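Peer 1: Here it is, the structure, as structure tokens.
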Amino acid sequence: MKKILIILAIIFGILLVIVFGMFSWVKNSYNSMVTLDEEVNGAWAQVENVLQRRFDLIPNLVATVKGYASHESEVFIQVTEARSKVGGAGTPAQRMQAEGELSSALSRLMVVVENYPQLKANTNFIMLQDQLEGTENRISVERGRYNETVRLYNTIIRQFPQSFIAGMFGFDKREFFEASAGAEEAPKVSFE
């Protein structure tokens, strides 16, 4: 009887160690995924921060260019409409698409500027253009950081055996910030 109790105690001890080890592994995996999920959220918030800076600069830039090129109304309308779409975007995917359209509209605006040498010499315009250029650089950096964080998060939740925990607790794959369709082509503006 004593031998059976000792064997049962050993088996119980081994099971306890296994269960505790499994619980510890699940807890650590879950906490790692939560941490990475929050890092993705933080990286996205930083992308939105610099996108907001650009969003705020655009009315001043458009107003300055309008003073010199008032007959280029189509380009101004495109920039204004694209800016409105950015303001109304709800999800990161919608925001990414709207930002792509805004970048394209801004590129067309800058092509218009090339035809007005007196505008390119205007101090206010030069300062706005420098601020916009710096903001575009920040956006690029923050997009890269966001995408790297998303890559790390997506890798962890898809790896075996963490994929089971990710599935159990609802950790879903996150979207990368991708260039909008046609971004690889330079904008074409006609002055007919």
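Convention: chains lettered A, B, ... in structure tokens order; per-chain residue numbering from 1; ligands numbered from 1 as shown.
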Pull the alpha helix (DSSP H) assignments for region 11-188 of chain A out of DSSP run on the backbone, and list those residues as a VMD selection string.

Peer 2: chain A and resid 11 to 68 73 to 88 92 to 113 117 to 120 123 to 158 162 to 169

Peer 1: Which residue, A:Phe177, A:Gln97, A:Ile165, A:Asp56, has the smallest gap to Met22 (chain A) when you use only C-alpha atoms?

Peer 2: A:Ile165

Peer 1: Record the distance separating CA of Ala166 (chain A) and CA of Glu39 (chain A), expressed in Å with one decimal.

Peer 2: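 Computing it gives 16.1 Å between the two atoms.
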
Peer 1: Go through A:Ile156, A:Met168, A:Ile126, A:Val112 and flag the residue nearest Glu74 (chain A), using only C-alpha atoms for the distances.

Peer 2: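 The closest residue to Glu74 (chain A) is A:Val112.
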
Peer 1: Counting only C-alpha atoms, what is within 10 Å of region 137-147 of chain A, bar same-chain residues fewer than 5 positions away, as a PDB file with C-alpha atoms, in the first residue's frame?

Peer 2:
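Written out: out.pdb:
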ATOM      1  CA  GLU A  39       3.529  47.717 -29.700  1.00  0.00           C
ATOM      2  CA  VAL A  40       1.658  47.498 -33.016  1.00  0.00           C
ATOM      3  CA  ASN A  41      -1.028  49.825 -31.634  1.00  0.00           C
ATOM      4  CA  GLY A  42       1.640  52.240 -30.417  1.00  0.00           C
ATOM      5  CA  ALA A  43       3.455  52.181 -33.749  1.00  0.00           C
ATOM      6  CA  TRP A  44       0.182  52.860 -35.563  1.00  0.00           C
ATOM      7  CA  ALA A  45      -0.554  55.754 -33.205  1.00  0.00           C
ATOM      8  CA  GLN A  46       2.818  57.256 -34.075  1.00  0.00           C
ATOM      9  CA  VAL A  47       2.081  56.880 -37.802  1.00  0.00           C
ATOM     10  CA  GLU A  48      -1.223  58.667 -37.233  1.00  0.00           C
ATOM     11  CA  ASN A  49       0.589  61.389 -35.298  1.00  0.00           C
ATOM     12  CA  VAL A  50       2.830  62.315 -38.232  1.00  0.00           C
ATOM     13  CA  LEU A  51      -0.018  61.866 -40.718  1.00  0.00           C
ATOM     14  CA  GLN A  52      -2.014  64.359 -38.661  1.00  0.00           C
ATOM     15  CA  ARG A  53       0.877  66.816 -38.893  1.00  0.00           C
ATOM     16  CA  ARG A  54       0.746  66.564 -42.687  1.00  0.00           C
ATOM     17  CA  GLN A 131       7.836  71.417 -43.168  1.00  0.00           C
ATOM     18  CA  LEU A 132       5.897  69.137 -45.505  1.00  0.00           C
ATOM     19  CA  LEU A 152       7.271  40.696 -35.634  1.00  0.00           C
ATOM     20  CA  TYR A 153       3.743  40.370 -34.221  1.00  0.00           C
ATOM     21  CA  ARG A 174      -2.410  42.727 -38.600  1.00  0.00           C
ATOM     22  CA  GLU A 175      -2.159  44.604 -41.905  1.00  0.00           C
ATOM     23  CA  PHE A 176       1.033  46.191 -43.183  1.00  0.00           C
ATOM     24  CA  PHE A 177       1.083  49.808 -44.312  1.00  0.00           C
ATOM     25  CA  GLU A 178       1.430  49.356 -48.059  1.00  0.00           C
TER      26      GLU A 178
END

Peer 1: Compile the contact shell of Leu106 (chain A) as an MDAnalysis selection string: residues with an atom at most 12 Å away, counting only C-alpha atoms, same-chain residues fewer than 4 positions apart removed.

Peer 2: chainID A and resid 54:55 57:59 61:62 65 75:83 99:102 110:113 129 132:133 136 186:187 189

Peer 1: How would the residues just chosen look if you wrote them out with C-alpha atoms as a CSV table (one decimal), in the first residue's frame?

Peer 2:
chain,number,residue,atom,x,y,z
A,54,ARG,CA,0.7,66.6,-42.7
A,55,PHE,CA,-3.1,66.8,-42.6
A,57,LEU,CA,-0.1,71.6,-43.0
A,58,ILE,CA,-2.1,71.0,-46.2
A,59,PRO,CA,-4.7,73.9,-45.9
A,61,LEU,CA,0.1,74.9,-48.4
A,62,VAL,CA,-3.0,75.0,-50.6
A,65,VAL,CA,-0.4,78.0,-53.9
A,75,VAL,CA,-5.8,70.1,-58.4
A,76,PHE,CA,-7.1,72.0,-55.4
A,77,ILE,CA,-10.3,70.1,-55.4
A,78,GLN,CA,-8.5,66.8,-55.6
A,79,VAL,CA,-6.3,67.8,-52.6
A,80,THR,CA,-9.3,69.0,-50.6
A,81,GLU,CA,-11.3,65.8,-51.4
A,82,ALA,CA,-8.4,63.5,-50.5
A,83,ARG,CA,-7.9,65.4,-47.3
A,99,GLU,CA,-3.4,58.6,-47.2
A,100,GLY,CA,-2.3,57.1,-50.5
A,101,GLU,CA,-4.8,59.2,-52.4
A,102,LEU,CA,-3.7,62.3,-50.4
A,110,MET,CA,3.8,70.0,-56.3
A,111,VAL,CA,3.9,69.5,-60.1
A,112,VAL,CA,1.7,72.6,-60.5
A,113,VAL,CA,4.1,74.6,-58.2
A,129,GLN,CA,7.3,73.0,-48.3
A,132,LEU,CA,5.9,69.1,-45.5
A,133,GLU,CA,9.1,67.5,-46.7
A,136,GLU,CA,6.9,63.2,-45.3
A,186,ALA,CA,4.9,59.7,-61.1
A,187,PRO,CA,1.8,61.8,-61.3
A,189,VAL,CA,-0.5,66.8,-64.8

Peer 1: So, with only C-alpha atoms as the atoms that count, which of A:Leu109, A:Ile18, A:Asn28, A:Lys85 lies closest to Ser73 (chain A)?

Peer 2: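 The answer is A:Leu109, which sits nearest to Ser73 (chain A).
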
Peer 1: Hey, which of A:Ala93, A:Leu15, A:Thr149, A:Phe125 ends up closest to Glu38 (chain A)? Count only C-alpha atoms.

Peer 2: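 Counting only C-alpha atoms, the residue closest to Glu38 (chain A) is A:Thr149.
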
Peer 1: Work out how far CA of Asn60 (chain A) is from CA of Asn124 (chain A), in Å to one decimal.

Peer 2: 9.3 Å
